[in-house]
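Colleague: Once you've had a glance at the structure underneath, I'll fire off some questions.
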Amino acid sequence: MGIRFVLMVNKQGQTRLAQYYEYLTIEERRALEGEIVRKCLARNEQQCSFVEHRNYKIVYRRYASLFFLVGVDNEENELAILEFIHLLVETMDRHFGNVCELDIMFHLEKAHFMLEEMVMNGCIVETSKSNILSPIQLMEKAS
Amino acid sequence: MSSQGGFGQSKEFLDLIKSIGEARSKAEEDRIVLREIDTLKARLSSPNITKFKLKEYLMRLIYVEMLGHDASFGYIHAVKMTHDESLLLKRTGYLAVTLFLNEDHDLIILIVNTIQKDLRSDNYLVVCAALNAVCRLINEETIPAVLPQVVELLGHQKEAVRKKAVMALHRFYQRAPGSVSHLISNFRKRLCDNDPGVMAATLCPLFDLITIDVNSFKDLVVSFVNILKQVAERRLPKSYDYHQMPAPFIQIKLLKILSLLGNGDKKSSEQMYTILGDIMRKCDSASNIGNAVLYECICCVCSIHPNPKLLESAADTISKFLKGDSHNLKYLGIDALGLLIRISPEIAEQHQLAVIDCLEDPDDTLKRKTFDLLYKMTKSSNVEVIVDRMIDYMISINDHHYKTEIASRCVELAEQFAPSNQWFIQTMNKVFEHAGDLVNTKVAHNLMRLIAEGFGEDDNTADSQLRSSAVESYLRIIGEPKLPSTFLQVICWVLGEYGTADGKYSASYITGKLCDAAEAHSTDDTVKAYAVTALMKIYSFEIAAGRKVDMLPECQSLVEELLASHSTDLQQRAYELQAIICLDAHAVENIMPMDANCEDIEIDKNLSFLDAYVQESLEKGAQPYIPEDERSGLSNISNFRSQDHESSIHALRFEAYELPKFPVPPKAPSILSSSVELVPVPEPSYVADVHQPATSALTVSNSGSSELKLRLDGVQKKWGRPAFSSTTPSTSSGDTFESNNGTTRHESISSTKSKVHDVSYDSRKLQPEISTEKQKLAASLFGGASKSDRKQSYTGQKVSKTNSHGADKSNLAKVASSSDNAAVIPTSQPPPDLLDLGEPSVTSSAPSVDPFKQLEGLLDPTQDTTKLSSGGVGVPNAPDIMSLYADMSLSGQSTTVANPPPNAIKTHLAKQPSKGPNVQEFLEKDALVRQVGVTPSGQNPNLFKDLLG
């Protein structure tokens, strides 16, 4: 399965984007997000960008006040996931231009569309920024 | 580039987002969302909503759910929106649906039709949107509805469609492998797709397929190697590059696949050596992504048929990882080391200091990873230190999930590598004390068995010493509050079995303790049951030894309480205890022989020992027994009965209980049928029966002489289930029980009852196991422990049983005297493994560093010199600290970058509304991007300048 969820959560623990690749109820999500953010906030910059939580491994990366968290299972290459997060950020950056938390908030659907292009069935399927963005740009033009 | 606030978003939406962004607490956010829910409910129910408005409402619904509230009232609008003509609206509709619904939701059926239609669309973007939805929403039942279309789309002219069609098939495979088993060849075909994106996507399903069945895909090794070669040679479009690496994510996926294909396959592996070597040589070890690829290469090299050259460069890379400052790299290094030591164990030795550093690190993630590594390299010679460490760590953490894992690992290692039984018991005590409720109950039974079986027949003194020390430690522990139930069960059992064995403690002392324990855990029936049985054993041993038994008052009250217990099991035990106490020494000795728990017990299922009795009854005119299944056609009276029994199979019986039986005229048919569920028991009254044995000199015999029996029929029949009520076989199975005492005998009782008390009783069985495994384990432990042996020996904690225990001890003693610790590493000579002592030669006086002494924080004068002498690996602490400083100063910048003043977001938000329209700011931003560009490092302070204000 690989990637089990992708989360963006800010420092106050407020969720800014959540995409789960397996079904969890709202309560389960809420609890999970809270626990994970607490765990990650307790860590400092020198420590690993990986945290174990229940049966997930969380790979996280912090950009300004926003945490990008990816839950993976055991087979995944943690460092590659860490770079995947950065690829996602770079892609958003190319689209929004100096992306920030509010860009994601105001254009949540676009952030989701990008993620939809990059990850399917919990697998990384597309890593070319132009391939990721072209459908979104076409759609924008059309409407 | 778009900016916030533009793009036709309504003021209401902007305000909502703003207020969510400005919310300072979860509670405030919740208030906002709850208000929003009310607004949305009102808005969505109004008849004329423009499509565009509806899209906005959908996004607001997504927010509601994302922030943890239920938005199900709006799901139907999301479903409706998927019907829309406009691509943007359609896709938003699909997005909302995939976020809201799981694949088994009722509304899905409304979407399948739309999906089918969209899959046929001329606009490939519509097809893509539909395929995205297919990947999220189609479940096993709806697969056939879309499968033909998806297969057709595999040949679509647009690569984006082909890619998503492949993933849709992948999804079908994940959900229901059977549904696409005939389509596997399509994946092979798509692997050769002209478009690299389609090819890369195809690797995902192929990886899954190969994981399950390697052999069917061996022919693809050449293709994969070729693709990897082309990727590494930058044949893919530039857009796949990431930080100057050619398509690293594709490389990683390919390496994963190759490691599966090459595992244990020399021929396939040989085809991979060249490309692996090339990649490892060329890889940029300065970037994260380069290291990610390198790490994947190491995983691959360690998985495929070993190649010395590749292993060497893997080892080099690992030492680079471990020596680096980055915790992430250390983490990977430790992980990779765990893989590599399986092939070349000697490598661990070079990195011992780095490993210990990681173990000492305050970073929990790194620490756990290191425990993983230690777990992998545990052997009999280092098990004590490692397990001690693990237990200390286990005590220090609160995380249940990991606590369970590490506890079971401690148990596993202790069972596999225990140097002595004494140590094993102590270790188990610790594990039980701190994580008793988290470990498998099997572990408790193993522990009991170990104490019972001891070192074996040839060393009885050691056995009794072991037991005495166990008893002593348990008497100390038993009073402690909050002991886990499983542990208390073990304690009760051991105290009952061996509490009085060495004569050190009086029966009244032990029984007092047991009563206290039962009282203190009055809610735990299992513990009480163990305690009562233990009491029974102690009293029987006393009686058998010819001593007079005076039941303590608290014990008496406990028994009285249990006689009226709601648990039939506890009642039964209490009655048995009461009955046994009234028996004479000879009888008790037969029922409860000392120290016979290891003997096999045979259960005579046919109850053949009752034959004579049955015969006798029949001769006296009793009706023959009719098996239950043939019983339905009986006479009227018994019809009533049997109906009644049928209904009672799953429920309590509601008619009055039978009275205690009185001598019955043998010919009375109605009474006999009342006991259809019983093997006819030799009646008379309950009271008379209990006293009978005391007066008659008895011998236990096969004839099922009833005298010895505990007359508990009355009790059992209360909850009569047809199959259950046979105390008779278990209490009087004279042919076997002579050699058994309490526990095992009880087992036979409970086995007849286990249908009622399934859960608690099945787990109580202590099955003696055959010791071939143990022998193997012992051999492997003393003949140079090797990892390959470990998996065979789950239950084989009886380390020293078959081998001479004395030799073991002296060996240990020697080692201990030379180094006051079992784990010694002679760094001056090449030992077989890290932390291995194995051979007595270890005791040489060569300068040695015991890594675990450092673990204990002990300062060893020889430490520094050996650190230096152990080559480049042993970096003394001082330089490490220096590098730490360097690290800190380096990351200082990024810290300041990443930590905006607390109100940064607020000020930023305040600025927001003007941001969109403010052309100048927008242009500035744009210019900055052009000027700086998106630099790969992520340290780029400009990347998120906006947020930082």
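Just remember, in the structure tokens the first chain shown is A, the second B, etc., residues are 1-based per chain, and ligands are 1-based in the order shown.
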Skipping near chain neighbours, those fewer than 5 positions away, what residues fall within 8 Å of B:Leu88 using only C-alpha atoms, listed as an NGL selection string?
Modeller: :A and (139-140 or 143)
Colleague: Set the distance at 10 Å and use only C-alpha atoms: which residues neighbour B:Glu296 once local chain neighbours fewer than 2 positions away are removed? I'd like the list as a list of chain:residue names.
Modeller: A:Glu76, A:Asn77, A:Leu79, A:Ala80, B:Gln251, B:Ile252, B:Lys253, B:Leu254, B:Leu255, B:Lys256, B:Ser259, B:Met280, B:Gly290, B:Asn291, B:Ala292, B:Val293, B:Leu294, B:Ile298, B:Cys299, B:Cys300, B:Val301, B:Cys302, B:Leu332, B:Ala336
Colleague: Go ahead and write the selection's residues with N, CA and C atoms as a PDB file, in the first residue's frame.
Modeller:
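Contents of selection-v7.pdb, as written:
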```pdb
ATOM      1  N   GLU A  76       8.298   1.291   3.124  1.00  0.00           N
ATOM      2  CA  GLU A  76       8.612   2.492   2.371  1.00  0.00           C
ATOM      3  C   GLU A  76      10.002   3.035   2.728  1.00  0.00           C
ATOM      4  N   ASN A  77      10.625   3.658   1.740  1.00  0.00           N
ATOM      5  CA  ASN A  77      11.926   4.299   1.925  1.00  0.00           C
ATOM      6  C   ASN A  77      11.679   5.686   2.524  1.00  0.00           C
ATOM      7  N   LEU A  79      13.443   8.200   3.528  1.00  0.00           N
ATOM      8  CA  LEU A  79      14.108   9.386   2.998  1.00  0.00           C
ATOM      9  C   LEU A  79      13.485   9.792   1.656  1.00  0.00           C
ATOM     10  N   ALA A  80      13.084   8.814   0.879  1.00  0.00           N
ATOM     11  CA  ALA A  80      12.443   9.114  -0.395  1.00  0.00           C
ATOM     12  C   ALA A  80      11.108   9.810  -0.162  1.00  0.00           C
TER      13      ALA A  80
ATOM     14  N   GLN B 251      13.669   5.115 -10.000  1.00  0.00           N
ATOM     15  CA  GLN B 251      14.812   4.257  -9.662  1.00  0.00           C
ATOM     16  C   GLN B 251      14.542   3.450  -8.399  1.00  0.00           C
ATOM     17  N   ILE B 252      14.004   4.127  -7.406  1.00  0.00           N
ATOM     18  CA  ILE B 252      13.764   3.452  -6.126  1.00  0.00           C
ATOM     19  C   ILE B 252      12.763   2.317  -6.294  1.00  0.00           C
ATOM     20  N   LYS B 253      11.709   2.599  -7.043  1.00  0.00           N
ATOM     21  CA  LYS B 253      10.712   1.549  -7.259  1.00  0.00           C
ATOM     22  C   LYS B 253      11.337   0.354  -7.994  1.00  0.00           C
ATOM     23  N   LEU B 254      12.154   0.655  -8.982  1.00  0.00           N
ATOM     24  CA  LEU B 254      12.803  -0.425  -9.732  1.00  0.00           C
ATOM     25  C   LEU B 254      13.735  -1.230  -8.828  1.00  0.00           C
ATOM     26  N   LEU B 255      14.470  -0.525  -7.979  1.00  0.00           N
ATOM     27  CA  LEU B 255      15.380  -1.224  -7.072  1.00  0.00           C
ATOM     28  C   LEU B 255      14.602  -2.135  -6.123  1.00  0.00           C
ATOM     29  N   LYS B 256      13.462  -1.662  -5.692  1.00  0.00           N
ATOM     30  CA  LYS B 256      12.630  -2.507  -4.820  1.00  0.00           C
ATOM     31  C   LYS B 256      12.223  -3.789  -5.546  1.00  0.00           C
ATOM     32  N   SER B 259      15.161  -6.152  -5.969  1.00  0.00           N
ATOM     33  CA  SER B 259      15.571  -6.860  -4.761  1.00  0.00           C
ATOM     34  C   SER B 259      14.639  -8.049  -4.503  1.00  0.00           C
ATOM     35  N   MET B 280      25.495   3.023  -7.570  1.00  0.00           N
ATOM     36  CA  MET B 280      26.114   3.342  -6.288  1.00  0.00           C
ATOM     37  C   MET B 280      27.335   4.225  -6.473  1.00  0.00           C
ATOM     38  N   GLY B 290      19.746  11.572  -3.243  1.00  0.00           N
ATOM     39  CA  GLY B 290      20.841  10.675  -3.590  1.00  0.00           C
ATOM     40  C   GLY B 290      21.006   9.593  -2.535  1.00  0.00           C
ATOM     41  N   ASN B 291      20.924  10.003  -1.284  1.00  0.00           N
ATOM     42  CA  ASN B 291      21.061   9.034  -0.208  1.00  0.00           C
ATOM     43  C   ASN B 291      19.886   8.072  -0.152  1.00  0.00           C
ATOM     44  N   ALA B 292      18.725   8.601  -0.525  1.00  0.00           N
ATOM     45  CA  ALA B 292      17.561   7.708  -0.555  1.00  0.00           C
ATOM     46  C   ALA B 292      17.780   6.600  -1.576  1.00  0.00           C
ATOM     47  N   VAL B 293      18.318   6.975  -2.741  1.00  0.00           N
ATOM     48  CA  VAL B 293      18.593   5.966  -3.765  1.00  0.00           C
ATOM     49  C   VAL B 293      19.698   5.014  -3.285  1.00  0.00           C
ATOM     50  N   LEU B 294      20.725   5.591  -2.660  1.00  0.00           N
ATOM     51  CA  LEU B 294      21.808   4.746  -2.145  1.00  0.00           C
ATOM     52  C   LEU B 294      21.276   3.732  -1.134  1.00  0.00           C
ATOM     53  N   ILE B 298      21.437  -0.333  -1.158  1.00  0.00           N
ATOM     54  CA  ILE B 298      21.934  -1.218  -0.108  1.00  0.00           C
ATOM     55  C   ILE B 298      20.906  -2.303   0.186  1.00  0.00           C
ATOM     56  N   CYS B 299      19.647  -1.872   0.297  1.00  0.00           N
ATOM     57  CA  CYS B 299      18.588  -2.858   0.554  1.00  0.00           C
ATOM     58  C   CYS B 299      18.598  -3.940  -0.524  1.00  0.00           C
ATOM     59  N   CYS B 300      18.757  -3.479  -1.753  1.00  0.00           N
ATOM     60  CA  CYS B 300      18.756  -4.420  -2.866  1.00  0.00           C
ATOM     61  C   CYS B 300      19.967  -5.350  -2.794  1.00  0.00           C
ATOM     62  N   VAL B 301      21.139  -4.762  -2.574  1.00  0.00           N
ATOM     63  CA  VAL B 301      22.373  -5.550  -2.515  1.00  0.00           C
ATOM     64  C   VAL B 301      22.288  -6.600  -1.417  1.00  0.00           C
ATOM     65  N   CYS B 302      21.663  -6.230  -0.305  1.00  0.00           N
ATOM     66  CA  CYS B 302      21.562  -7.169   0.809  1.00  0.00           C
ATOM     67  C   CYS B 302      20.511  -8.246   0.564  1.00  0.00           C
ATOM     68  N   LEU B 332      18.868   5.674   8.688  1.00  0.00           N
ATOM     69  CA  LEU B 332      18.981   4.766   7.547  1.00  0.00           C
ATOM     70  C   LEU B 332      20.183   3.849   7.720  1.00  0.00           C
ATOM     71  N   ALA B 336      20.099  -0.051   7.581  1.00  0.00           N
ATOM     72  CA  ALA B 336      20.853  -0.792   6.562  1.00  0.00           C
ATOM     73  C   ALA B 336      21.831  -1.769   7.221  1.00  0.00           C
TER      74      ALA B 336
END
```
Colleague: Write out as a ChimeraX atom specification all residues of stretch 232-453 of chain B that backbone DSSP assigns to strand (DSSP E or B).
Modeller: /B:242,245,263,304
Colleague: Against chain B, which residues of chain A fall within 6 Å? For each one I want the closest pair of atoms and the distance in Å (one decimal), counting only C-alpha atoms, rows by chain and increasing residue number, as JSON lines.
Modeller:
```
{"residue": "A:Ile26", "atom": "CA", "partner": "B:Gly68", "partner_atom": "CA", "distance": 5.8}
{"residue": "A:Arg30", "atom": "CA", "partner": "B:Gly68", "partner_atom": "CA", "distance": 5.6}
{"residue": "A:Gln47", "atom": "CA", "partner": "B:His327", "partner_atom": "CA", "distance": 5.7}
{"residue": "A:Cys48", "atom": "CA", "partner": "B:Asn328", "partner_atom": "CA", "distance": 4.9}
{"residue": "A:Val51", "atom": "CA", "partner": "B:Thr365", "partner_atom": "CA", "distance": 5.8}
{"residue": "A:Arg54", "atom": "CA", "partner": "B:His401", "partner_atom": "CA", "distance": 5.7}
{"residue": "A:Ala64", "atom": "CA", "partner": "B:Ala898", "partner_atom": "CA", "distance": 4.5}
{"residue": "A:Leu79", "atom": "CA", "partner": "B:Ala292", "partner_atom": "CA", "distance": 5.2}
{"residue": "A:Ala80", "atom": "CA", "partner": "B:Ala292", "partner_atom": "CA", "distance": 5.3}
{"residue": "A:His95", "atom": "CA", "partner": "B:Met1", "partner_atom": "CA", "distance": 5.9}
{"residue": "A:Phe96", "atom": "CA", "partner": "B:Met1", "partner_atom": "CA", "distance": 5.0}
{"residue": "A:Asn98", "atom": "CA", "partner": "B:Leu943", "partner_atom": "CA", "distance": 5.6}
{"residue": "A:Cys100", "atom": "CA", "partner": "B:Leu947", "partner_atom": "CA", "distance": 5.8}
{"residue": "A:Val125", "atom": "CA", "partner": "B:Ala201", "partner_atom": "CA", "distance": 4.9}
{"residue": "A:Ser128", "atom": "CA", "partner": "B:Tyr240", "partner_atom": "CA", "distance": 4.6}
```
Colleague: What's around A:Val37 at 9 Å? Count only C-alpha atoms, leave out sequence neighbours fewer than 3 positions away in its own chain, and write the answer as number ranges by chain.
Modeller: A: 9-13, 32-34, 40-42, 67, 69
Colleague: With N, CA and C atoms retained, write the just-selected residues as a PDB file, in the first residue's frame.
Modeller:
```pdb
ATOM      1  N   VAL A   9      -0.772  20.046   8.423  1.00  0.00           N
ATOM      2  CA  VAL A   9      -1.291  20.514   9.698  1.00  0.00           C
ATOM      3  C   VAL A   9      -0.403  21.655  10.159  1.00  0.00           C
ATOM      4  N   ASN A  10      -1.003  22.711  10.671  1.00  0.00           N
ATOM      5  CA  ASN A  10      -0.132  23.799  11.099  1.00  0.00           C
ATOM      6  C   ASN A  10       0.297  23.622  12.550  1.00  0.00           C
ATOM      7  N   LYS A  11       1.099  24.565  12.975  1.00  0.00           N
ATOM      8  CA  LYS A  11       1.709  24.444  14.292  1.00  0.00           C
ATOM      9  C   LYS A  11       0.688  24.404  15.413  1.00  0.00           C
ATOM     10  N   GLN A  12      -0.461  25.026  15.165  1.00  0.00           N
ATOM     11  CA  GLN A  12      -1.507  25.008  16.195  1.00  0.00           C
ATOM     12  C   GLN A  12      -2.290  23.698  16.156  1.00  0.00           C
ATOM     13  N   GLY A  13      -1.882  22.795  15.290  1.00  0.00           N
ATOM     14  CA  GLY A  13      -2.574  21.516  15.211  1.00  0.00           C
ATOM     15  C   GLY A  13      -3.836  21.572  14.376  1.00  0.00           C
ATOM     16  N   LEU A  32      -6.210  10.688  15.386  1.00  0.00           N
ATOM     17  CA  LEU A  32      -4.902  10.407  14.787  1.00  0.00           C
ATOM     18  C   LEU A  32      -4.141  11.701  14.527  1.00  0.00           C
ATOM     19  N   GLU A  33      -4.832  12.667  13.916  1.00  0.00           N
ATOM     20  CA  GLU A  33      -4.160  13.923  13.582  1.00  0.00           C
ATOM     21  C   GLU A  33      -3.645  14.606  14.841  1.00  0.00           C
ATOM     22  N   GLY A  34      -4.487  14.628  15.861  1.00  0.00           N
ATOM     23  CA  GLY A  34      -4.059  15.263  17.109  1.00  0.00           C
ATOM     24  C   GLY A  34      -2.821  14.606  17.681  1.00  0.00           C
ATOM     25  N   CYS A  40       4.988  15.200  16.713  1.00  0.00           N
ATOM     26  CA  CYS A  40       5.964  15.883  15.866  1.00  0.00           C
ATOM     27  C   CYS A  40       6.382  17.224  16.465  1.00  0.00           C
ATOM     28  N   LEU A  41       5.435  17.892  17.100  1.00  0.00           N
ATOM     29  CA  LEU A  41       5.784  19.189  17.685  1.00  0.00           C
ATOM     30  C   LEU A  41       6.799  19.030  18.801  1.00  0.00           C
ATOM     31  N   ALA A  42       6.778  17.879  19.448  1.00  0.00           N
ATOM     32  CA  ALA A  42       7.679  17.674  20.580  1.00  0.00           C
ATOM     33  C   ALA A  42       9.112  17.423  20.125  1.00  0.00           C
ATOM     34  N   PHE A  67       3.231  21.835   8.864  1.00  0.00           N
ATOM     35  CA  PHE A  67       3.817  20.499   8.833  1.00  0.00           C
ATOM     36  C   PHE A  67       3.222  19.706   7.679  1.00  0.00           C
ATOM     37  N   LEU A  69       2.861  15.927   6.659  1.00  0.00           N
ATOM     38  CA  LEU A  69       3.042  14.619   7.280  1.00  0.00           C
ATOM     39  C   LEU A  69       2.551  13.533   6.332  1.00  0.00           C
TER      40      LEU A  69
END
```
Colleague: List the neighbours of A:Tyr60 out to 7 Å using only C-alpha atoms; skip same-chain residues closer than 3 positions along the sequence, and give me the result as JSON, numbers by chain.
Modeller: {"A": [49, 50, 67, 68, 69, 70, 82]}
Colleague: Once you have the residues from the selection above, write them out as a short mmCIF file (atom, residue, chain, number, x, y, z; two decimals), in the first residue's frame, restricted to all heavy atoms.
Modeller:
```
data_model
loop_
_atom_site.label_atom_id
_atom_site.label_comp_id
_atom_site.auth_asym_id
_atom_site.auth_seq_id
_atom_site.Cartn_x
_atom_site.Cartn_y
_atom_site.Cartn_z
N SER A 49 13.44 12.91 10.92
CA SER A 49 12.16 13.37 10.37
C SER A 49 11.16 12.23 10.32
O SER A 49 10.17 12.30 9.62
CB SER A 49 12.36 13.89 8.96
OG SER A 49 13.46 14.74 8.91
N PHE A 50 11.44 11.19 11.05
CA PHE A 50 10.56 10.02 11.03
C PHE A 50 10.10 9.72 12.45
O PHE A 50 10.89 9.81 13.38
CB PHE A 50 11.29 8.79 10.48
CG PHE A 50 12.24 9.10 9.36
CD1 PHE A 50 13.56 8.71 9.42
CD2 PHE A 50 11.80 9.83 8.25
CE1 PHE A 50 14.44 9.01 8.38
CE2 PHE A 50 12.68 10.12 7.22
CZ PHE A 50 14.00 9.72 7.28
N PHE A 67 3.23 21.84 8.86
CA PHE A 67 3.82 20.50 8.83
C PHE A 67 3.22 19.71 7.68
O PHE A 67 2.00 19.69 7.51
CB PHE A 67 3.51 19.74 10.11
CG PHE A 67 4.37 20.10 11.27
CD1 PHE A 67 4.00 21.07 12.17
CD2 PHE A 67 5.58 19.46 11.46
CE1 PHE A 67 4.80 21.41 13.23
CE2 PHE A 67 6.39 19.78 12.53
CZ PHE A 67 6.01 20.76 13.42
N PHE A 68 4.07 19.08 6.93
CA PHE A 68 3.60 18.10 5.95
C PHE A 68 3.89 16.73 6.54
O PHE A 68 5.02 16.43 6.88
CB PHE A 68 4.36 18.25 4.63
CG PHE A 68 3.91 19.45 3.82
CD1 PHE A 68 4.14 20.73 4.28
CD2 PHE A 68 3.28 19.28 2.60
CE1 PHE A 68 3.74 21.83 3.55
CE2 PHE A 68 2.88 20.38 1.86
CZ PHE A 68 3.10 21.66 2.33
N LEU A 69 2.86 15.93 6.66
CA LEU A 69 3.04 14.62 7.28
C LEU A 69 2.55 13.53 6.33
O LEU A 69 1.45 13.63 5.80
CB LEU A 69 2.24 14.53 8.57
CG LEU A 69 2.44 15.63 9.60
CD1 LEU A 69 1.12 16.16 10.06
CD2 LEU A 69 3.25 15.14 10.74
N VAL A 70 3.37 12.53 6.16
CA VAL A 70 2.96 11.42 5.32
C VAL A 70 3.06 10.14 6.14
O VAL A 70 4.11 9.84 6.71
CB VAL A 70 3.84 11.30 4.06
CG1 VAL A 70 3.42 10.11 3.23
CG2 VAL A 70 3.76 12.57 3.24
N LEU A 82 10.43 11.64 2.37
CA LEU A 82 10.77 12.99 2.80
C LEU A 82 11.00 13.89 1.59
O LEU A 82 10.56 15.05 1.55
CB LEU A 82 12.04 12.93 3.65
CG LEU A 82 12.42 14.20 4.41
CD1 LEU A 82 11.39 14.50 5.48
CD2 LEU A 82 13.79 14.04 5.05
#
```
Colleague: If we count only C-alpha atoms and set the cut-off at 7 Å, which residues sit around stretch 116-118 of chain A, ignoring sequence neighbours fewer than 6 positions away in its own chain? Please answer as an MDAnalysis selection string.
Modeller: chainID A and resid 124:127 132
Colleague: Residues of the last selection are to be written out with C-alpha atoms, as a PDB file, in the first residue's frame.
Modeller:
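The resulting file, out_27.pdb, is reproduced below:
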```pdb
ATOM      1  CA  ILE A 124       3.688   7.520  -6.047  1.00  0.00           C
ATOM      2  CA  VAL A 125       2.694   7.466  -9.711  1.00  0.00           C
ATOM      3  CA  GLU A 126       3.839  10.772 -11.103  1.00  0.00           C
ATOM      4  CA  THR A 127       6.866  12.834 -10.244  1.00  0.00           C
ATOM      5  CA  ILE A 132       1.273  16.884 -12.559  1.00  0.00           C
TER       6      ILE A 132
END
```
Colleague: Which residues come within 12 Å of stretch 43-49 of chain B, counting only C-alpha atoms, excluding same-chain residues fewer than 3 positions away, as a ChimeraX atom specification?
Modeller: /B:36-40,52-58,60-61,71,73-78,81
Colleague: Export, as a CSV table (one decimal), in the first residue's frame, the selected residues with N, CA and C atoms.
Modeller:
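The resulting result13.csv:
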```csv
chain,number,residue,atom,x,y,z
B,36,GLU,N,-20.9,27.2,10.8
B,36,GLU,CA,-20.8,27.0,9.3
B,36,GLU,C,-21.8,25.9,8.9
B,37,ILE,N,-21.8,24.9,9.7
B,37,ILE,CA,-22.7,23.7,9.4
B,37,ILE,C,-24.1,24.2,9.3
B,38,ASP,N,-24.5,25.1,10.3
B,38,ASP,CA,-25.9,25.6,10.3
B,38,ASP,C,-26.1,26.4,9.0
B,39,THR,N,-25.2,27.3,8.7
B,39,THR,CA,-25.3,28.1,7.5
B,39,THR,C,-25.5,27.2,6.2
B,40,LEU,N,-24.6,26.2,6.1
B,40,LEU,CA,-24.6,25.3,5.0
B,40,LEU,C,-25.9,24.6,4.8
B,52,PHE,N,-22.1,27.4,-9.5
B,52,PHE,CA,-20.8,27.9,-9.0
B,52,PHE,C,-20.9,28.1,-7.5
B,53,LYS,N,-22.0,28.5,-7.0
B,53,LYS,CA,-22.2,28.6,-5.6
B,53,LYS,C,-22.1,27.2,-4.9
B,54,LEU,N,-22.7,26.3,-5.6
B,54,LEU,CA,-22.7,24.9,-5.1
B,54,LEU,C,-21.3,24.4,-4.9
B,55,LYS,N,-20.4,24.7,-5.9
B,55,LYS,CA,-19.1,24.3,-5.8
B,55,LYS,C,-18.4,24.8,-4.6
B,56,GLU,N,-18.7,26.1,-4.3
B,56,GLU,CA,-18.1,26.7,-3.1
B,56,GLU,C,-18.7,26.0,-1.9
B,57,TYR,N,-20.0,25.7,-1.8
B,57,TYR,CA,-20.5,25.1,-0.7
B,57,TYR,C,-19.8,23.7,-0.5
B,58,LEU,N,-19.6,23.1,-1.6
B,58,LEU,CA,-18.9,21.7,-1.5
B,58,LEU,C,-17.5,21.9,-0.8
B,60,ARG,N,-16.7,24.2,1.2
B,60,ARG,CA,-16.9,24.4,2.6
B,60,ARG,C,-17.3,23.2,3.4
B,61,LEU,N,-18.0,22.3,2.7
B,61,LEU,CA,-18.3,21.0,3.3
B,61,LEU,C,-17.1,20.2,3.6
B,71,ALA,N,-20.4,16.0,7.9
B,71,ALA,CA,-21.0,16.8,6.8
B,71,ALA,C,-21.9,16.0,6.0
B,73,PHE,N,-24.9,15.6,5.7
B,73,PHE,CA,-26.1,16.2,5.2
B,73,PHE,C,-25.9,16.8,3.8
B,74,GLY,N,-24.6,16.9,3.4
B,74,GLY,CA,-24.4,17.5,2.1
B,74,GLY,C,-23.8,16.6,1.1
B,75,TYR,N,-23.7,15.3,1.5
B,75,TYR,CA,-23.0,14.3,0.6
B,75,TYR,C,-23.8,14.3,-0.8
B,76,ILE,N,-25.1,14.3,-0.7
B,76,ILE,CA,-25.9,14.1,-1.9
B,76,ILE,C,-25.6,15.2,-2.9
B,77,HIS,N,-25.2,16.4,-2.4
B,77,HIS,CA,-24.9,17.5,-3.4
B,77,HIS,C,-23.6,17.2,-4.1
B,78,ALA,N,-22.7,16.6,-3.3
B,78,ALA,CA,-21.4,16.2,-4.0
B,78,ALA,C,-21.7,15.2,-5.1
B,81,MET,N,-23.1,16.9,-8.1
B,81,MET,CA,-22.1,17.7,-8.8
B,81,MET,C,-21.3,16.8,-9.8
```
Colleague: Using only C-alpha atoms, which protein or nucleic acid residues come within 10 Å of B:Ala518? Drop anything in the same chain fewer than 3 positions from it, and give the result as a list of chain:residue names.
Modeller: B:Leu488, B:Cys492, B:Gly512, B:Lys513, B:Leu514, B:Cys515, B:His521, B:Ser522, B:Thr523, B:Asp524, B:Asp525, B:Thr526, B:Val527, B:Lys528, B:Ala529, B:Tyr530, B:Ala531, B:Val532, B:Cys555, B:Leu558
Colleague: To one decimal place, how far is atom CA of A:Ser65 from atom CA of B:Lys11 in Å?
Modeller: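 If I compute the distance from atom CA of A:Ser65 to atom CA of B:Lys11, I get 25.5 Å.
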Colleague: Which residue is closest to A:Asn74? Choose from A:Val119, A:Val59, A:Leu133, A:Leu87 and count only C-alpha atoms.
Modeller: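 Nearest candidate to A:Asn74 out of A:Val119, A:Val59, A:Leu133, A:Leu87: A:Val59.
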Colleague: Between A:Ala31, A:Met114, A:Ile136, A:Val6, which is the closest to A:Gln19 once you count only C-alpha atoms?
Modeller: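 For A:Gln19, the nearest of the candidates is A:Val6.
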